[in-house]
file work34.csv (CSV, C-alpha atoms and all ligand atoms)
chain,number,residue,atom,x,y,z
L,1,MET,CA,72.2,99.1,118.4
L,2,ASN,CA,74.6,96.7,116.8
L,3,ILE,CA,74.3,97.1,113.0
L,4,SER,CA,76.5,95.4,110.4
L,5,LYS,CA,76.4,95.8,106.7
L,6,PHE,CA,77.6,93.3,104.0
L,7,VAL,CA,78.2,94.2,100.4
L,8,THR,CA,79.3,92.2,97.4
L,9,PRO,CA,79.1,92.8,93.6
L,10,GLU,CA,77.3,90.5,91.2
L,11,ILE,CA,79.7,87.6,90.7
L,12,ILE,CA,80.2,85.5,87.6
L,13,PHE,CA,82.6,82.6,88.4
L,14,GLY,CA,84.1,79.8,86.4
L,15,CYS,CA,86.5,78.8,83.6
L,16,GLY,CA,85.4,80.7,80.5
L,17,ALA,CA,83.6,83.4,82.5
L,18,LEU,CA,85.5,86.2,80.7
L,19,SER,CA,83.2,85.6,77.7
L,20,GLN,CA,80.5,87.4,79.7
L,21,LEU,CA,82.5,90.6,79.8
L,22,GLY,CA,80.8,92.5,76.9
L,23,GLU,CA,77.3,91.5,77.9
L,24,SER,CA,78.0,92.5,81.5
L,25,ALA,CA,79.3,96.0,80.6
L,26,ALA,CA,76.4,96.5,78.1
L,27,ARG,CA,73.7,95.7,80.5
L,28,LEU,CA,75.1,98.3,83.0
L,29,GLY,CA,74.5,100.9,80.3
L,30,ALA,CA,78.1,101.3,79.0
L,31,SER,CA,78.7,102.6,75.5
L,32,ARG,CA,82.4,103.7,75.6
L,33,VAL,CA,84.5,101.6,78.0
L,34,PHE,CA,87.8,102.6,79.6
L,35,VAL,CA,89.8,99.4,79.9
L,36,VAL,CA,92.5,99.4,82.5
L,37,SER,CA,95.2,96.8,82.4
L,38,ASP,CA,99.0,96.6,82.6
L,39,ALA,CA,102.0,95.5,80.4
L,40,GLY,CA,102.3,92.0,82.0
L,41,VAL,CA,98.6,91.2,81.3
L,42,ILE,CA,98.9,92.5,77.8
L,43,ALA,CA,102.0,90.4,77.2
L,44,ALA,CA,100.2,87.4,78.6
L,45,GLY,CA,97.6,87.8,75.8
L,46,TRP,CA,94.4,88.6,77.9
L,47,ILE,CA,93.6,92.0,76.5
L,48,GLU,CA,92.7,90.9,73.0
L,49,PRO,CA,89.9,88.5,74.0
L,50,ALA,CA,88.6,91.0,76.5
L,51,LEU,CA,88.4,93.7,73.8
L,52,ASP,CA,86.8,91.2,71.4
L,53,TYR,CA,84.1,90.5,73.9
L,54,LEU,CA,83.5,94.2,74.5
L,55,HIS,CA,83.4,95.0,70.8
L,56,SER,CA,81.1,92.0,70.0
L,57,ALA,CA,78.6,93.6,72.5
L,58,GLY,CA,78.7,96.8,70.4
L,59,LEU,CA,80.9,98.8,72.8
L,60,ALA,CA,83.7,101.2,71.9
L,61,THR,CA,86.9,100.9,74.0
L,62,GLU,CA,89.9,103.0,75.2
L,63,VAL,CA,92.8,101.1,76.7
L,64,PHE,CA,95.0,102.5,79.6
L,65,ALA,CA,98.0,100.5,80.8
L,66,GLU,CA,100.5,103.0,82.1
L,67,LEU,CA,100.9,101.8,85.6
L,68,THR,CA,103.3,100.0,87.9
L,69,THR,CA,103.2,97.5,90.7
L,70,ASN,CA,102.1,99.4,93.8
L,71,PRO,CA,100.4,102.0,91.6
L,72,LYS,CA,101.1,105.7,92.2
L,73,ASP,CA,98.7,108.6,92.5
L,74,TYR,CA,100.2,110.4,89.5
L,75,GLU,CA,99.5,107.3,87.3
L,76,VAL,CA,95.8,107.6,88.4
L,77,VAL,CA,95.8,111.3,87.4
L,78,ALA,CA,97.1,110.5,83.9
L,79,GLY,CA,94.4,107.8,83.6
L,80,VAL,CA,91.6,110.3,84.6
L,81,LYS,CA,92.8,112.7,81.9
L,82,GLN,CA,92.6,110.0,79.3
L,83,TYR,CA,89.2,108.8,80.5
L,84,LEU,CA,87.7,112.3,80.3
L,85,ALA,CA,89.4,113.1,77.0
L,86,ALA,CA,88.0,109.9,75.4
L,87,GLY,CA,84.5,110.6,76.8
L,88,CYS,CA,84.2,107.2,78.5
L,89,ASP,CA,81.1,106.2,80.5
L,90,ALA,CA,82.2,102.9,82.1
L,91,ILE,CA,85.3,101.2,83.5
L,92,VAL,CA,86.6,97.6,83.0
L,93,ALA,CA,89.8,96.3,84.6
L,94,VAL,CA,91.5,93.2,83.3
L,95,GLY,CA,94.4,92.5,85.6
L,96,GLY,CA,95.6,92.0,89.1
L,97,GLY,CA,95.1,94.2,92.2
L,98,SER,CA,97.1,97.1,90.7
L,99,PRO,CA,95.0,97.7,87.5
L,100,THR,CA,91.9,97.1,89.5
L,101,ASP,CA,92.7,99.7,92.2
L,102,VAL,CA,93.8,102.1,89.5
L,103,ALA,CA,90.5,101.6,87.7
L,104,LYS,CA,88.6,102.3,90.9
L,105,ALA,CA,90.6,105.4,91.6
L,106,ILE,CA,90.1,106.7,88.0
L,107,ALA,CA,86.4,106.1,88.4
L,108,LEU,CA,86.4,108.0,91.6
L,109,LEU,CA,88.3,111.1,90.4
L,110,ALA,CA,86.6,111.3,87.0
L,111,THR,CA,83.2,111.7,88.7
L,112,ASN,CA,84.0,113.3,92.1
L,113,GLY,CA,86.9,115.5,91.2
L,114,GLY,CA,89.7,116.7,93.6
L,115,ARG,CA,92.8,114.7,94.6
L,116,LEU,CA,92.9,111.1,95.8
L,117,GLN,CA,94.2,112.3,99.2
L,118,ASP,CA,90.8,114.0,99.7
L,119,TYR,CA,89.2,110.5,99.9
L,120,GLU,CA,91.8,108.7,102.1
L,121,GLY,CA,90.1,106.9,104.9
L,122,ILE,CA,86.5,105.6,105.2
L,123,ASN,CA,83.3,106.8,103.4
L,124,LYS,CA,84.4,110.1,101.9
L,125,ILE,CA,82.9,109.6,98.4
L,126,GLY,CA,79.8,111.7,97.8
L,127,ARG,CA,78.8,111.1,94.2
L,128,PRO,CA,78.1,107.9,92.3
L,129,LEU,CA,80.8,106.2,90.2
L,130,PRO,CA,80.5,105.0,86.6
L,131,PRO,CA,79.6,101.3,86.1
L,132,MET,CA,82.6,99.0,86.9
L,133,VAL,CA,83.3,95.4,85.7
L,134,ILE,CA,86.5,93.7,87.0
L,135,ALA,CA,88.1,90.6,85.6
L,136,PRO,CA,91.1,89.6,87.9
L,137,THR,CA,94.1,87.8,86.4
L,138,THR,CA,95.7,87.1,89.8
L,139,ALA,CA,94.3,85.3,92.9
L,140,GLY,CA,95.2,87.5,95.8
L,141,ALA,CA,94.1,91.1,96.0
L,142,GLY,CA,90.4,90.4,96.1
L,143,SER,CA,89.9,94.0,94.8
L,144,GLU,CA,87.2,92.7,92.3
L,145,VAL,CA,84.8,92.4,95.2
L,146,SER,CA,86.1,94.8,97.7
L,147,GLN,CA,85.3,98.4,98.8
L,148,PHE,CA,89.1,99.2,98.9
L,149,ALA,CA,91.4,101.0,96.6
L,150,ILE,CA,95.0,101.1,97.7
L,151,ILE,CA,97.2,103.7,95.9
L,152,VAL,CA,100.7,105.0,96.7
L,153,ASP,CA,101.0,108.6,97.6
L,154,ALA,CA,104.4,109.2,95.9
L,155,GLU,CA,105.2,112.3,97.9
L,156,ARG,CA,104.6,110.8,101.3
L,157,GLN,CA,105.9,107.4,100.2
L,158,LEU,CA,103.0,105.4,101.7
L,159,LYS,CA,100.0,103.5,100.6
L,160,MET,CA,96.7,105.3,101.0
L,161,SER,CA,93.6,103.2,101.8
L,162,ILE,CA,90.5,104.6,100.2
L,163,ILE,CA,87.5,102.6,101.6
L,164,SER,CA,83.9,103.2,100.5
L,165,LYS,CA,80.9,101.1,99.4
L,166,SER,CA,81.1,103.3,96.2
L,167,LEU,CA,84.3,101.4,95.3
L,168,VAL,CA,82.6,98.0,95.2
L,169,PRO,CA,82.5,97.0,91.5
L,170,ASP,CA,79.1,96.3,89.9
L,171,ILE,CA,80.2,92.9,88.4
L,172,ALA,CA,83.2,90.7,89.2
L,173,ILE,CA,84.0,88.2,86.4
L,174,VAL,CA,86.3,85.6,88.0
L,175,ASP,CA,87.7,83.3,85.4
L,176,PRO,CA,90.3,80.8,86.8
L,177,GLU,CA,91.6,80.3,83.3
L,178,LEU,CA,93.2,83.8,83.5
L,179,LEU,CA,95.5,82.7,86.3
L,180,ARG,CA,97.3,80.3,84.1
L,181,THR,CA,99.8,82.9,82.7
L,182,LYS,CA,101.1,84.3,86.0
L,183,ASP,CA,104.5,82.7,87.1
L,184,SER,CA,105.1,80.7,90.3
L,185,ARG,CA,106.6,83.5,92.2
L,186,LEU,CA,103.6,85.8,91.6
L,187,ALA,CA,101.2,82.8,92.4
L,188,ALA,CA,103.0,82.4,95.7
L,189,ALA,CA,103.0,86.2,96.6
L,190,THR,CA,99.3,86.8,95.6
L,191,GLY,CA,98.3,83.6,97.4
L,192,MET,CA,99.9,84.9,100.6
L,193,ASP,CA,98.1,88.2,100.2
L,194,ALA,CA,94.8,86.3,100.0
L,195,LEU,CA,95.7,84.2,103.1
L,196,THR,CA,96.6,87.4,105.0
L,197,HIS,CA,93.2,88.9,104.0
L,198,ALA,CA,91.4,85.8,105.3
L,199,VAL,CA,93.3,85.6,108.6
L,200,GLU,CA,93.2,89.3,109.4
L,201,SER,CA,89.5,89.6,108.5
L,202,PHE,CA,88.6,86.5,110.5
L,203,VAL,CA,90.2,87.9,113.7
L,204,SER,CA,89.1,91.5,113.0
L,205,LEU,CA,87.1,93.4,115.6
L,206,ALA,CA,84.5,94.1,112.8
L,207,ALA,CA,84.1,90.4,111.9
L,208,THR,CA,80.5,89.0,111.6
L,209,PRO,CA,79.2,85.5,110.9
L,210,LEU,CA,78.9,86.5,107.3
L,211,THR,CA,82.5,87.5,107.0
L,212,GLU,CA,83.9,84.7,109.2
L,213,MET,CA,82.4,81.9,107.0
L,214,HIS,CA,84.0,83.4,103.9
L,215,ALA,CA,87.4,83.9,105.7
L,216,LEU,CA,87.5,80.3,107.1
L,217,LYS,CA,86.5,78.8,103.7
L,218,ALA,CA,89.3,80.8,102.0
L,219,ILE,CA,91.9,79.6,104.5
L,220,GLU,CA,90.8,76.0,103.9
L,221,LEU,CA,91.0,76.4,100.1
L,222,ILE,CA,94.5,78.1,100.3
L,223,ALA,CA,95.8,75.4,102.6
L,224,ARG,CA,94.6,72.8,100.1
L,225,SER,CA,95.7,74.4,96.9
L,226,LEU,CA,98.3,77.2,97.2
L,227,HIS,CA,101.4,75.0,97.1
L,228,ARG,CA,99.9,72.9,94.2
L,229,ALA,CA,99.2,76.1,92.3
L,230,VAL,CA,102.7,77.3,92.8
L,231,VAL,CA,104.3,74.0,91.7
L,232,ASP,CA,102.1,73.5,88.6
L,233,ARG,CA,100.7,76.7,87.0
L,234,ASN,CA,98.4,74.6,84.8
L,235,ASP,CA,96.7,72.8,87.6
L,236,VAL,CA,93.1,73.8,86.8
L,237,GLU,CA,91.7,72.5,90.1
L,238,ALA,CA,94.3,74.4,92.2
L,239,ASN,CA,93.8,77.6,90.1
L,240,THR,CA,90.0,77.4,90.6
L,241,ASP,CA,90.4,76.9,94.4
L,242,MET,CA,92.8,79.9,94.5
L,243,ALA,CA,90.5,82.1,92.4
L,244,MET,CA,87.6,81.3,94.7
L,245,ALA,CA,89.7,81.7,97.9
L,246,SER,CA,91.0,85.1,96.8
L,247,MET,CA,87.5,86.3,96.0
L,248,ILE,CA,85.9,85.1,99.2
L,249,ALA,CA,88.8,86.4,101.3
L,250,GLY,CA,88.1,89.7,99.4
L,251,ILE,CA,84.5,89.6,100.4
L,252,ALA,CA,85.5,88.9,104.1
L,253,PHE,CA,88.0,91.7,104.4
L,254,SER,CA,85.9,94.2,102.4
L,255,ASN,CA,83.3,93.9,105.0
L,256,ALA,CA,85.4,93.2,108.2
L,257,ILE,CA,88.5,95.3,107.3
L,258,LEU,CA,92.0,94.0,108.1
L,259,GLY,CA,94.6,94.4,110.8
L,260,ALA,CA,98.1,95.2,111.9
L,261,THR,CA,99.8,93.2,109.1
L,262,HIS,CA,98.2,95.4,106.4
L,263,ALA,CA,98.7,98.6,108.4
L,264,MET,CA,102.4,97.7,108.4
L,265,THR,CA,102.8,96.4,104.8
L,266,HIS,CA,101.0,99.5,103.4
L,267,GLN,CA,104.0,101.5,104.8
L,268,VAL,CA,106.7,99.2,103.5
L,269,ASP,CA,105.1,98.9,100.1
L,270,GLY,CA,105.0,102.7,99.8
L,271,LEU,CA,108.8,102.8,100.4
L,272,ILE,CA,110.0,99.7,98.6
L,273,ASP,CA,108.5,98.5,95.3
L,274,GLN,CA,108.2,94.9,96.4
L,275,HIS,CA,105.2,92.6,95.9
L,276,HIS,CA,102.7,93.3,98.6
L,277,GLY,CA,102.2,89.5,99.1
L,278,GLU,CA,105.9,89.0,99.9
L,279,THR,CA,105.8,91.8,102.5
L,280,ASN,CA,102.7,90.1,104.0
L,281,ALA,CA,104.6,86.8,104.2
L,282,ALA,CA,107.4,88.5,106.2
L,283,ILE,CA,105.1,90.2,108.7
L,284,LEU,CA,102.0,88.0,109.1
L,285,PRO,CA,103.4,85.3,111.5
L,286,HIS,CA,104.8,88.0,113.9
L,287,VAL,CA,101.5,89.8,114.0
L,288,MET,CA,99.6,86.6,114.6
L,289,ALA,CA,101.9,85.8,117.6
L,290,TYR,CA,101.2,89.3,118.9
L,291,ASN,CA,97.4,89.0,118.4
L,292,LEU,CA,97.0,85.4,119.7
L,293,PRO,CA,96.3,86.4,123.4
L,294,ALA,CA,93.4,88.5,122.2
L,295,CYS,CA,91.5,85.7,120.5
L,296,PRO,CA,93.0,82.2,121.1
L,297,GLU,CA,89.7,80.4,120.2
L,298,LYS,CA,89.7,82.0,116.8
L,299,PHE,CA,93.3,80.9,116.3
L,300,CYS,CA,92.1,77.3,117.0
L,301,ARG,CA,89.5,77.6,114.3
L,302,ILE,CA,92.2,79.0,111.9
L,303,ALA,CA,94.4,76.0,112.7
L,304,GLN,CA,91.5,73.6,111.9
L,305,ALA,CA,90.8,75.4,108.6
L,306,LEU,CA,94.4,74.9,107.8
L,307,GLY,CA,94.0,71.2,108.2
L,308,VAL,CA,95.6,70.8,111.6
L,309,VAL,CA,94.0,67.9,113.6
L,310,VAL,CA,93.5,69.7,116.9
L,311,SER,CA,91.8,66.9,118.9
L,312,GLY,CA,94.0,65.8,121.8
L,313,MET,CA,95.8,69.2,121.8
L,314,SER,CA,95.4,71.8,124.5
L,315,SER,CA,93.6,74.9,123.2
L,316,GLU,CA,96.9,76.8,123.7
L,317,THR,CA,98.9,74.4,121.5
L,318,ALA,CA,96.1,74.3,118.9
L,319,ALA,CA,96.0,78.1,118.7
L,320,LYS,CA,99.8,78.2,118.2
L,321,MET,CA,99.6,75.6,115.5
L,322,ALA,CA,97.8,78.2,113.3
L,323,ILE,CA,101.1,80.2,113.3
L,324,THR,CA,103.3,77.1,112.9
L,325,SER,CA,101.2,75.9,110.0
L,326,ILE,CA,101.2,79.2,108.2
L,327,SER,CA,105.0,79.6,108.7
L,328,GLU,CA,105.5,76.1,107.1
L,329,LEU,CA,103.3,77.1,104.1
L,330,ILE,CA,105.3,80.3,103.7
L,331,GLU,CA,108.6,78.2,103.6
L,332,VAL,CA,107.3,75.6,101.3
L,333,ILE,CA,106.2,78.2,98.7
L,334,GLY,CA,109.6,79.9,98.9
L,335,LEU,CA,108.6,83.2,100.6
L,336,ASP,CA,110.4,82.8,103.9
L,337,ARG,CA,112.4,86.0,103.6
L,338,GLY,CA,112.7,88.7,106.3
L,339,LEU,CA,112.1,92.4,105.7
L,340,THR,CA,115.9,93.0,105.5
L,341,GLU,CA,116.1,90.8,102.4
L,342,ILE,CA,113.1,92.7,101.0
L,343,GLY,CA,115.2,95.9,101.3
L,344,LEU,CA,114.0,97.5,104.6
L,345,ARG,CA,116.6,99.2,106.7
L,346,PRO,CA,116.3,99.4,110.5
L,347,GLU,CA,116.5,103.2,110.4
L,348,ASP,CA,113.3,103.2,108.4
L,349,ILE,CA,111.3,101.6,111.2
L,350,PRO,CA,110.5,104.6,113.4
L,351,GLN,CA,108.8,106.6,110.6
L,352,LEU,CA,107.0,103.5,109.2
L,353,SER,CA,105.7,102.7,112.7
L,354,ARG,CA,104.4,106.3,113.2
L,355,ASN,CA,102.6,106.1,109.8
L,356,ALA,CA,101.3,102.5,110.5
L,357,VAL,CA,99.3,103.6,113.6
L,358,LYS,CA,97.4,106.1,111.4
L,359,ASP,CA,96.4,103.4,108.9
L,360,ALA,CA,92.7,102.6,108.8
L,361,CYS,CA,93.5,98.9,109.0
L,362,LEU,CA,94.9,99.1,112.5
L,363,VAL,CA,91.5,100.1,113.9
L,364,THR,CA,90.1,96.6,113.6
L,365,ASN,CA,93.2,94.7,114.8
L,366,PRO,CA,92.0,92.5,117.7
L,367,ARG,CA,94.8,93.7,120.0
L,368,SER,CA,95.6,97.4,120.2
L,369,ALA,CA,99.1,98.4,119.2
L,370,SER,CA,101.1,101.5,120.0
L,371,VAL,CA,103.9,102.9,117.9
L,372,VAL,CA,106.4,101.0,120.1
L,373,ASP,CA,104.5,97.7,119.6
L,374,ILE,CA,104.6,98.2,115.9
L,375,GLU,CA,108.3,99.1,116.0
L,376,ASN,CA,108.9,95.8,117.9
L,377,LEU,CA,106.9,93.8,115.3
L,378,PHE,CA,108.9,95.4,112.4
L,379,ARG,CA,112.2,94.5,114.2
L,380,GLN,CA,111.0,90.9,114.7
L,381,ALA,CA,110.2,90.7,111.0
L,382,LEU,CA,113.6,91.9,109.9
F,1,FE,FE,96.4,92.8,100.8
call {"tool": "encode", "arguments": {"input": "work34.csv", "output": "structure tokens"}}
result
Amino acid sequence: MNISKFVTPEIIFGCGALSQLGESAARLGASRVFVVSDAGVIAAGWIEPALDYLHSAGLATEVFAELTTNPKDYEVVAGVKQYLAAGCDAIVAVGGGSPTDVAKAIALLATNGGRLQDYEGINKIGRPLPPMVIAPTTAGAGSEVSQFAIIVDAERQLKMSIISKSLVPDIAIVDPELLRTKDSRLAAATGMDALTHAVESFVSLAATPLTEMHALKAIELIARSLHRAVVDRNDVEANTDMAMASMIAGIAFSNAILGATHAMTHQVDGLIDQHHGETNAAILPHVMAYNLPACPEKFCRIAQALGVVVSGMSSETAAKMAITSISELIEVIGLDRGLTEIGLRPEDIPQLSRNAVKDACLVTNPRSASVVDIENLFRQAL
């Protein structure tokens, strides 16, 4: 039997969609909502309207924003304490991937108990989570639609992947207006994260027609609009494309999982507090070159989605153009830095490589990779 499953939350999409926040939480049965955000989102001014919408729907709120980029397990533990002390019964996240993943992890521990480490890996959650509504303020992580929560284990200095259908939020409110306040650098980094999700899920061993169509469309939208969104943060059309791309790339990778790039970036991000999208930009082209022999025809389709005119090219040239085209995009948005510049030292590579081969994302990479293969890829990306 060859069975595949496909999960998504209810999705409310469009400029002004944040106004649906209160009504959305209320109809899930919320009465006291735990609102997870971060300092940047609060400074950008998005928490007040979010709280207004929740209060207008008759809901009480408790705000938690004590978290960092690449959120840590001990930050989640502090959030769980506050959630339980305040007697909350639902979770809302207003923010990028970090607040969203923390919101999911708090929902998990508040209802299932134990430590986050108990749930690392796939399908280890036994009890239902409280209702969750997510409103992303960045276009990249796709966590608003995914069954992933990625949290740093501070002691082991690596990112844990917790993957379960229980982590799929109930409602994703995707309002492109909310993207306006992030700066160009963050727009570039988050956009590269979305592109990496789309490429890795498209070539994943667990890809299905349902995930492939979302991944390819995301690649097409990112090729059309990422550079524009980086240059002009008020370009509504580009922001709308990127919000859609990030979300559908999230749907694709949530259901098809990822690959070697993420297995590697999860280790780097646990060691160095650098934006995950920037680490992806340094590693993705090298992993694509490694994976190409396993699925050249898929690389041709990626090239086409990127806007490369492949007619007249040999299939080998067309497949390679997928990598060339993505490398050019990385350069044009200003993320063409190697891992050395990001802060990685060659002596870190052996340990990172040993951890990367244990990461759940490597299982679906289209070409198997040993510790030595991963070490070579890290060296190429320096
Ligand atoms: Fe990612």
call {"tool": "closest_atom_pairs", "arguments": {"input": "work34.csv", "of": "chain L", "to": "ligand FE 1 (chain F)", "cutoff": "6 Å", "atoms": "all atoms listed in the file", "output": "tab-separated table"}}
result
residue	atom	partner	partner_atom	distance
L:Ala141	CA	F:FE1	FE	5.6
L:Asp193	CA	F:FE1	FE	4.9
L:His197	CA	F:FE1	FE	6.0
call {"tool": "closest_residue", "arguments": {"input": "work34.csv", "among": "L:Leu210, L:Val268, L:Ile125, L:Leu335", "to": "Arg185 in chain L", "atoms": "only C-alpha atoms"}}
result
L:Leu335
call {"tool": "closest_residue", "arguments": {"input": "work34.csv", "among": "L:Leu129, L:Val332, L:Ala215, L:Cys300", "to": "Thr317 in chain L", "atoms": "all atoms listed in the file"}}
result
L:Cys300
call {"tool": "residues_around", "arguments": {"input": "work34.csv", "residues": "range 223-230 of chain L", "least_positions_apart": "2", "cutoff": "8 Å", "atoms": "all atoms listed in the file", "output": "JSON, numbers by chain"}}
result
{"L": [184, 185, 187, 188, 191, 219, 220, 221, 232, 233, 234, 235, 238, 239, 241, 242, 305, 306, 307, 329, 332, 333]}
call {"tool": "write_last_selection", "arguments": {"input": "work34.csv", "atoms": "C-alpha atoms", "output": "CSV table (one decimal), in the coordinates of the input"}}
result
chain,number,residue,atom,x,y,z
L,184,SER,CA,105.1,80.7,90.3
L,185,ARG,CA,106.6,83.5,92.2
L,187,ALA,CA,101.2,82.8,92.4
L,188,ALA,CA,103.0,82.4,95.7
L,191,GLY,CA,98.3,83.6,97.4
L,219,ILE,CA,91.9,79.6,104.5
L,220,GLU,CA,90.8,76.0,103.9
L,221,LEU,CA,91.0,76.4,100.1
L,232,ASP,CA,102.1,73.5,88.6
L,233,ARG,CA,100.7,76.7,87.0
L,234,ASN,CA,98.4,74.6,84.8
L,235,ASP,CA,96.7,72.8,87.6
L,238,ALA,CA,94.3,74.4,92.2
L,239,ASN,CA,93.8,77.6,90.1
L,241,ASP,CA,90.4,76.9,94.4
L,242,MET,CA,92.8,79.9,94.5
L,305,ALA,CA,90.8,75.4,108.6
L,306,LEU,CA,94.4,74.9,107.8
L,307,GLY,CA,94.0,71.2,108.2
L,329,LEU,CA,103.3,77.1,104.1
L,332,VAL,CA,107.3,75.6,101.3
L,333,ILE,CA,106.2,78.2,98.7
call {"tool": "residues_around", "arguments": {"input": "work34.csv", "residues": "Gly270 in chain L", "least_positions_apart": "6", "cutoff": "9 Å", "atoms": "all atoms listed in the file", "output": "PDB file with C-alpha atoms, in the coordinates of the input"}}
result
ATOM      1  CA  ASN L  70     102.100  99.400  93.800  1.00  0.00           C
ATOM      2  CA  ILE L 151      97.200 103.700  95.900  1.00  0.00           C
ATOM      3  CA  VAL L 152     100.700 105.000  96.700  1.00  0.00           C
ATOM      4  CA  ASP L 153     101.000 108.600  97.600  1.00  0.00           C
ATOM      5  CA  ALA L 154     104.400 109.200  95.900  1.00  0.00           C
ATOM      6  CA  ARG L 156     104.600 110.800 101.300  1.00  0.00           C
ATOM      7  CA  GLN L 157     105.900 107.400 100.200  1.00  0.00           C
ATOM      8  CA  LEU L 158     103.000 105.400 101.700  1.00  0.00           C
ATOM      9  CA  LYS L 159     100.000 103.500 100.600  1.00  0.00           C
ATOM     10  CA  MET L 160      96.700 105.300 101.000  1.00  0.00           C
TER      11      MET L 160
END
call {"tool": "residues_around", "arguments": {"input": "work34.csv", "residues": "Thr69 in chain L", "least_positions_apart": "5", "cutoff": "10 Å", "atoms": "only C-alpha atoms", "output": "JSON, numbers by chain"}}
result
{"L": [38, 96, 97, 98, 99, 152, 269, 273, 274, 275, 276]}
call {"tool": "atom_distance", "arguments": {"input": "work34.csv", "atom1": "CA of Thr137 in chain L", "atom2": "CA of Ala243 in chain L"}}
result
9.0 Å
call {"tool": "atom_distance", "arguments": {"input": "work34.csv", "atom1": "CA of Pro350 in chain L", "atom2": "CA of Glu155 in chain L"}}
result
18.1 Å
call {"tool": "residues_near_point", "arguments": {"input": "work34.csv", "point": "(80.8, 98.6, 84.1)", "cutoff": "10 Å", "atoms": "all atoms listed in the file", "output": "PyMOL selection string"}}
result
chain L and resi 21-22+24-31+33-35+89-93+129-134+169-172
call {"tool": "closest_residue", "arguments": {"input": "work34.csv", "among": "L:Thr196, L:Thr8, L:Thr68, L:Gln267", "to": "Lys165 in chain L", "atoms": "all atoms listed in the file"}}
result
L:Thr8
call {"tool": "closest_residue", "arguments": {"input": "work34.csv", "among": "L:Tyr119, L:Phe6, L:Tyr74, L:Phe13", "to": "Val102 in chain L", "atoms": "all atoms listed in the file"}}
result
L:Tyr74
call {"tool": "atom_distance", "arguments": {"input": "work34.csv", "atom1": "CA of Ala194 in chain L", "atom2": "CA of Ser314 in chain L"}}
result
28.5 Å
call {"tool": "closest_residue", "arguments": {"input": "work34.csv", "among": "L:Met313, L:Val77, L:Ala39, L:Ile302", "to": "Phe202 in chain L", "atoms": "only C-alpha atoms"}}
result
L:Ile302
call {"tool": "closest_residue", "arguments": {"input": "work34.csv", "among": "L:Glu75, L:Ile222, L:Glu23, L:Ala303", "to": "Ser315 in chain L", "atoms": "all atoms listed in the file"}}
result
L:Ala303
call {"tool": "decode", "arguments": {"input": "work34.csv", "residues": "range 250-259 of chain L", "atoms": "N, CA, C and O atoms", "output": "JSON list (two decimals), in the first residue's frame"}}
result
[["chain", "number", "residue", "atom", "x", "y", "z"],
["L", 250, "GLY", "N", 5.23, 26.28, 2.75],
["L", 250, "GLY", "CA", 5.01, 25.67, 4.07],
["L", 250, "GLY", "C", 4.10, 24.45, 3.97],
["L", 250, "GLY", "O", 4.36, 23.41, 4.59],
["L", 251, "ILE", "N", 3.05, 24.57, 3.18],
["L", 251, "ILE", "CA", 2.14, 23.43, 2.98],
["L", 251, "ILE", "C", 2.90, 22.27, 2.33],
["L", 251, "ILE", "O", 2.76, 21.11, 2.71],
["L", 252, "ALA", "N", 3.77, 22.62, 1.35],
["L", 252, "ALA", "CA", 4.54, 21.58, 0.65],
["L", 252, "ALA", "C", 5.49, 20.86, 1.60],
["L", 252, "ALA", "O", 5.50, 19.63, 1.69],
["L", 253, "PHE", "N", 6.27, 21.62, 2.37],
["L", 253, "PHE", "CA", 7.28, 20.94, 3.21],
["L", 253, "PHE", "C", 6.67, 20.30, 4.44],
["L", 253, "PHE", "O", 7.17, 19.30, 4.95],
["L", 254, "SER", "N", 5.54, 20.85, 4.90],
["L", 254, "SER", "CA", 4.88, 20.24, 6.05],
["L", 254, "SER", "C", 4.48, 18.80, 5.72],
["L", 254, "SER", "O", 4.55, 17.91, 6.56],
["L", 255, "ASN", "N", 4.09, 18.58, 4.47],
["L", 255, "ASN", "CA", 3.60, 17.26, 4.06],
["L", 255, "ASN", "C", 4.65, 16.39, 3.38],
["L", 255, "ASN", "O", 4.50, 15.17, 3.34],
["L", 256, "ALA", "N", 5.69, 17.01, 2.80],
["L", 256, "ALA", "CA", 6.72, 16.21, 2.09],
["L", 256, "ALA", "C", 8.04, 16.19, 2.84],
["L", 256, "ALA", "O", 8.99, 15.53, 2.42],
["L", 257, "ILE", "N", 8.12, 16.92, 3.96],
["L", 257, "ILE", "CA", 9.36, 17.10, 4.74],
["L", 257, "ILE", "C", 10.43, 17.78, 3.86],
["L", 257, "ILE", "O", 10.11, 18.24, 2.75],
["L", 258, "LEU", "N", 11.68, 17.85, 4.36],
["L", 258, "LEU", "CA", 12.69, 18.67, 3.69],
["L", 258, "LEU", "C", 13.87, 17.81, 3.23],
["L", 258, "LEU", "O", 13.65, 16.72, 2.74],
["L", 259, "GLY", "N", 15.09, 18.31, 3.38],
["L", 259, "GLY", "CA", 16.23, 17.55, 2.88],
["L", 259, "GLY", "C", 17.52, 17.94, 3.58],
["L", 259, "GLY", "O", 17.50, 18.50, 4.69]]
